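Colleague: Sending over a structure as structure tokens; questions will come in a sec.
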Amino acid sequence: MHYWVRAFASDFSGTPPQPRSGHTAVPIGKSKIVVFGGLLDKKFLSDITVYDIENKLWFQPECTGNGSDGQVGPSPRAFHVAVAIDCHMFIFGGRSGNRRLGDFWVLDTDIWQWSELTSFGDLPSSRDFSAASAIGNQKIVMYGGWDGKKWLSDVYILDTISLEWMELSVTGSLPPPRCGHTATMVEKRLLVFGGRGGGGPIMSDLWALKGLIEEENETPGWTQLKLPGQSPSPRCGHTVTSGGHYLLLFGGHGTGGWLSRYDIYYNDCIVLDRLSAQWKRLPIGNDPPAARAYHSLTHIGSRYLLFGGFDGKLTYGDIWWLVPEGDPIAKRFIESPPKNIPDNKCMAAESIQSSFKESRRENDTISELQRALGISDSLSSPLLQIIDESEDKEFIELGSRLIGERVPSNNQGLLNQTIELLRDHWRRSTPSSIPLKELGPLLRDYQRLISRHHLANSGSDFQSIDSWLSGKEAYKFYHLKNVSQLRMNDVPKLLAEYKKILPEQNASGPRAGFEEQVL
């Protein structure tokens with residue numbers, strides 16, 4: 001059994017990387033992980049953030065270097081490839097704006113120095129959404145990608161000593177061209193899974209390439225593997241991370257529907273067991289992180305570290321551990337589950353409501369008069385104040401905890417991400433999983449969304465309000481002045497109504513697919 005555990009601030013010192021997707025996170029030996037580049041709000045990044053595994057420290061090294069245009073390091077980019085050979089991290093290609101890149105860099109992580117490399121041989125074309133893996137401790141193999149006009153199916157091998165590229169000539173059947181796939185070396189074979197292919201379909205095929213090891217004297221050739229078990233659904237933008245005798249696939253992006261296609265983002269964990277040669281679902285003992293693609297998942301001992309990603313709307317900056325049951329981090333969840341609503345409903349209701357009984361009595365006369373006149377106190381009460389998200393301090397503090405950083409009021413982009421992340425958190429919550437401290441912000445956001453997205457369309461006169469209330473969308477908790485007026489058996493109903501509002505709100509705006517975000 002494995003558990004997902006959100007990282008605590010106390011797990012690390014230093015400043016973690018800001019939210020992003022399309023970045024790379026490369027392990028350098030067993031000592032550190034180097035996060036480079038990515039995309040946030042259509043801004044391409046070029047920063048380096050390093051996680052020192054032994055010291056549990058995030059830091060931003062001061063890098064030196066000199067490129068062909070005089071720059072210190074690579075230009076901002078995302079959807080590039082990054083591969084570690086010893087203490088060196090090699091970077092190739094990617095996207096910056098609408099441009100596909102074809103430059104080639106190496107970072108010496110001992111002295112934090114960038115070098116732009118002049119390579120030789122069969123130079124690969126500029127591309128993004130390619131995939132690459134190390135062959136031993138000297139060579140790198142790269143497969144596929146997108147050059148802006150067509151999907152690619154070429155295979156290149158780089159010798160990191162001579163800096164010579166060689167395009168591998170492969171005979172026999174070939175995988176369809178693709179991008180957004182994964183490519184992972186497993187002993188003598190390169191395993192390629194999924195991706196988006198020619199004409200746009202998203203795939204779930206698994207291929208193995210032989211002939212990459214010179215000493216084996218094998219003729220290069222592809223073989224499609226059709227393994228038994230619970231194979232992954234078609235996807236791109238997923239990760240495949242090697243961990244002992246199995247490969248762990250997480251997340252990714254697919255499509256659903258028939259006549260009308262729509263985006264699907266995944267948060268499942270599927271294992272390719274190398275010993276039994278079959279797909280298996282990894283047993284998970286709790287709820288996973290939000291679904292996402294174009295994230296990073298790195299292996300640290302028996303743990304996995306998840307960072308970032310994109311779900312069609314939000315760019316994530318959260319950090320999660322995936323750990324086995326016996327791991328000390330897992331004990332946080334097993335021994336100290338989240339403090340949810342108490343089982344003793346009477347005691348909980350009494351504690352919430354006791355300090356507010358007087359304010360309820362003051363409003364009883366007004367409410368009774370409104371009911372006698374057939375006017376809904378749920379909408380007409382002058383005592384109900386709807387405040388904006390940015391002024392709701394508890395709401396923003398909760399979102400800040402989810403996003404992993406303080407949200408300044410003048411950063412509208414980050415504020416919007418925080419709002420959407422918190423709403424998505426509640427969309428995925430169950431009544432029993434919501435702590436008491438979240439009920440107040442949840443109730444206010446429920447009222448805010450009704451006021452903004454329903455009253456604006458229904459009018460404010462009594463007749464239209466009464467007509468609106470008599471329909472199927474009679475929101476029962478809009479009139480509550482504060483959370484003290486909630487009973488414990490109201491929480492499931494409140495959450496259910498809140499979830500009904502969210503799809504209506506999101507459906508009214510344009511659907512931003514991943515491709516729209518990066519263009």
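Order determines the names: the first chain of the structure tokens is A, the second B, and so forth; residues in each chain are numbered 1 upward, and ligands are numbered 1 upward as they are shown.
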Need to verify the contact set: A:Leu305, 6 Å, only C-alpha atoms, exclusion of same-chain residues closer than 3 positions in sequence. Can you return it as a short mmCIF file (atom, residue, chain, number, x, y, z; two decimals) with all heavy atoms, in the first residue's frame?

Modeller:
data_model
loop_
_atom_site.label_atom_id
_atom_site.label_comp_id
_atom_site.auth_asym_id
_atom_site.auth_seq_id
_atom_site.Cartn_x
_atom_site.Cartn_y
_atom_site.Cartn_z
N LEU A 297 7.70 13.93 -11.72
CA LEU A 297 7.65 12.94 -10.64
C LEU A 297 9.03 12.28 -10.59
O LEU A 297 9.43 11.59 -11.53
CB LEU A 297 6.56 11.90 -10.89
CG LEU A 297 6.33 10.88 -9.76
CD1 LEU A 297 5.69 11.57 -8.55
CD2 LEU A 297 5.44 9.73 -10.22
N THR A 298 9.75 12.52 -9.51
CA THR A 298 11.11 12.01 -9.38
C THR A 298 11.20 11.01 -8.24
O THR A 298 10.44 11.07 -7.27
CB THR A 298 12.11 13.15 -9.15
OG1 THR A 298 11.60 14.03 -8.13
CG2 THR A 298 12.32 13.95 -10.41
N TRP A 320 3.99 16.99 -3.45
CA TRP A 320 3.43 15.81 -2.78
C TRP A 320 4.48 14.70 -2.71
O TRP A 320 5.31 14.56 -3.61
CB TRP A 320 2.24 15.27 -3.58
CG TRP A 320 1.03 16.14 -3.55
CD1 TRP A 320 0.81 17.28 -4.26
CD2 TRP A 320 -0.16 15.93 -2.77
NE1 TRP A 320 -0.42 17.80 -3.99
CE2 TRP A 320 -1.05 16.98 -3.09
CE3 TRP A 320 -0.55 14.94 -1.88
CZ2 TRP A 320 -2.31 17.08 -2.50
CZ3 TRP A 320 -1.81 15.04 -1.29
CH2 TRP A 320 -2.68 16.10 -1.60
N TRP A 321 4.38 13.92 -1.65
CA TRP A 321 5.15 12.69 -1.52
C TRP A 321 4.23 11.51 -1.82
O TRP A 321 3.07 11.49 -1.40
CB TRP A 321 5.67 12.51 -0.09
CG TRP A 321 6.65 13.53 0.39
CD1 TRP A 321 6.42 14.51 1.31
CD2 TRP A 321 8.03 13.64 0.02
NE1 TRP A 321 7.56 15.24 1.53
CE2 TRP A 321 8.56 14.73 0.75
CE3 TRP A 321 8.85 12.95 -0.87
CZ2 TRP A 321 9.90 15.13 0.62
CZ3 TRP A 321 10.16 13.34 -0.99
CH2 TRP A 321 10.68 14.41 -0.26
#

Colleague: Go through A:Phe477, A:Tyr156, A:Trp58, A:Tyr262 and flag the residue nearest A:Val491, using only C-alpha atoms for the distances.

Modeller: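 So, comparing all the options, the nearest one is A:Phe477.
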
Colleague: Pick the closest to A:Ile202 from A:Glu389, A:Asp147, A:Glu218, A:Asp263: which is it, counting only C-alpha atoms?

Modeller: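 Looking at the shortest contact to A:Ile202, the residue is A:Asp263.
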
Colleague: Between A:Gly136, A:Gly440, A:Gly237, A:Pro124, which is the closest to A:Gly254 once you count only C-alpha atoms?

Modeller: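 Using only C-alpha atoms, the shortest distance to A:Gly254 belongs to A:Gly237.
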
Colleague: Tell me, which residues of stretch 118-357 of chain A carry DSSP strand (DSSP E), written as a tab-separated table (two decimals) with C-alpha atoms, in the first residue's frame?

Modeller:
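Output below, filename states-v3.tsv:
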chain	number	residue	atom	x	y	z
A	120	PHE	CA	28.38	17.61	-34.74
A	121	GLY	CA	26.98	14.86	-36.94
A	131	ALA	CA	11.42	12.53	-24.89
A	132	ALA	CA	14.91	11.36	-24.02
A	133	SER	CA	16.75	9.02	-21.67
A	134	ALA	CA	20.33	8.22	-20.69
A	135	ILE	CA	22.07	5.15	-22.12
A	139	LYS	CA	25.07	8.55	-24.25
A	140	ILE	CA	21.57	9.97	-24.59
A	141	VAL	CA	18.78	8.69	-26.84
A	142	MET	CA	16.00	11.04	-27.99
A	143	TYR	CA	12.81	10.05	-29.79
A	144	GLY	CA	9.99	11.95	-31.52
A	145	GLY	CA	8.47	15.34	-30.82
A	146	TRP	CA	6.72	18.12	-32.72
A	151	TRP	CA	4.86	14.85	-35.56
A	152	LEU	CA	8.25	13.15	-35.54
A	153	SER	CA	9.34	9.52	-35.27
A	154	ASP	CA	13.12	9.88	-35.60
A	155	VAL	CA	15.65	8.47	-33.14
A	156	TYR	CA	18.88	10.29	-32.30
A	157	ILE	CA	21.78	9.20	-30.14
A	158	LEU	CA	24.16	11.74	-28.61
A	159	ASP	CA	27.66	10.89	-27.42
A	164	GLU	CA	28.29	13.96	-31.91
A	165	TRP	CA	24.68	13.24	-32.82
A	166	MET	CA	23.80	10.17	-34.86
A	167	GLU	CA	20.39	9.49	-36.35
A	178	ARG	CA	4.16	11.35	-31.78
A	179	CYS	CA	4.84	14.00	-29.18
A	182	THR	CA	7.62	9.19	-22.47
A	183	ALA	CA	10.86	7.38	-23.33
A	184	THR	CA	12.56	5.34	-20.61
A	185	MET	CA	15.67	3.16	-20.83
A	186	VAL	CA	15.16	-0.21	-19.15
A	189	ARG	CA	15.73	-1.29	-24.40
A	190	LEU	CA	14.06	2.06	-24.80
A	191	LEU	CA	10.38	1.89	-23.81
A	192	VAL	CA	8.08	4.49	-25.38
A	193	PHE	CA	4.52	4.93	-24.13
A	194	GLY	CA	1.58	7.05	-25.28
A	195	GLY	CA	1.66	10.57	-26.69
A	196	ARG	CA	-0.30	12.49	-29.27
A	197	GLY	CA	0.11	11.21	-32.81
A	202	ILE	CA	-3.91	10.34	-28.20
A	203	MET	CA	-2.36	6.89	-27.92
A	204	SER	CA	-1.85	4.14	-25.34
A	205	ASP	CA	0.61	1.90	-27.19
A	206	LEU	CA	3.87	0.64	-25.74
A	207	TRP	CA	6.96	0.11	-27.92
A	208	ALA	CA	10.46	-1.22	-27.23
A	209	LEU	CA	13.52	-0.22	-29.26
A	210	LYS	CA	16.58	-2.48	-29.40
A	221	GLY	CA	14.33	-2.41	-34.43
A	222	TRP	CA	11.02	-1.56	-32.81
A	223	THR	CA	8.65	-4.09	-31.22
A	224	GLN	CA	5.15	-3.23	-30.06
A	225	LEU	CA	4.48	-4.74	-26.64
A	239	THR	CA	5.36	10.76	-16.42
A	240	VAL	CA	7.02	7.34	-16.24
A	241	THR	CA	9.48	7.03	-13.37
A	242	SER	CA	11.76	4.07	-12.77
A	243	GLY	CA	11.62	2.61	-9.28
A	246	TYR	CA	8.83	-1.48	-11.87
A	247	LEU	CA	8.03	1.67	-13.80
A	248	LEU	CA	5.45	4.02	-12.27
A	249	LEU	CA	3.16	5.93	-14.64
A	250	PHE	CA	1.28	8.91	-13.20
A	251	GLY	CA	-1.18	11.45	-14.55
A	252	GLY	CA	-1.40	12.82	-18.06
A	253	HIS	CA	-3.95	14.27	-20.42
A	254	GLY	CA	-6.48	12.46	-22.62
A	255	THR	CA	-9.78	13.10	-24.32
A	256	GLY	CA	-13.30	11.77	-23.86
A	262	TYR	CA	-13.52	17.09	-24.15
A	263	ASP	CA	-10.31	17.07	-22.09
A	264	ILE	CA	-9.63	14.54	-19.35
A	265	TYR	CA	-6.77	14.87	-16.87
A	266	TYR	CA	-5.63	11.88	-14.83
A	267	ASN	CA	-4.23	11.30	-11.33
A	268	ASP	CA	-3.97	7.52	-11.39
A	269	CYS	CA	-0.89	5.43	-10.58
A	270	ILE	CA	-0.20	2.47	-12.86
A	271	VAL	CA	2.80	0.18	-12.53
A	272	LEU	CA	4.59	-1.72	-15.28
A	273	ASP	CA	6.00	-4.68	-13.40
A	278	GLN	CA	2.25	-6.83	-16.89
A	279	TRP	CA	0.41	-3.64	-16.00
A	280	LYS	CA	-0.94	-3.24	-12.46
A	281	ARG	CA	-2.75	-0.55	-10.52
A	296	SER	CA	7.37	16.07	-12.78
A	297	LEU	CA	7.65	12.94	-10.64
A	298	THR	CA	11.11	12.01	-9.38
A	299	HIS	CA	12.31	8.99	-7.42
A	300	ILE	CA	14.13	9.55	-4.11
A	303	ARG	CA	9.72	7.87	-2.17
A	304	TYR	CA	8.43	9.81	-5.15
A	305	LEU	CA	8.27	13.60	-5.28
A	306	LEU	CA	5.49	15.17	-7.37
A	307	PHE	CA	5.70	18.82	-8.38
A	319	ILE	CA	4.50	19.35	-3.74
A	320	TRP	CA	3.43	15.81	-2.78
A	321	TRP	CA	5.15	12.69	-1.52
A	322	LEU	CA	4.10	9.23	-2.68
A	323	VAL	CA	5.40	6.85	-0.03
A	324	PRO	CA	5.06	3.19	0.99

Colleague: Given the choices A:Leu439, A:Asn410, A:Ile450, A:Ser173, which gets closest to A:Leu486 if the distance is worked out from only C-alpha atoms?

Modeller: A:Leu439

Colleague: A:Gly211, A:Pro176, A:Pro27, A:Pro289: which is nearest A:Gly308, counting only C-alpha atoms?

Modeller: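 Using only C-alpha atoms, the shortest distance to A:Gly308 belongs to A:Pro289.
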
Colleague: Which residue, A:Asp287, A:Asp108, A:Asp445, A:Asp311, has the smallest gap to A:Ser390 when you use only C-alpha atoms?

Modeller: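 That would be A:Asp445, the residue with the smallest distance to A:Ser390.
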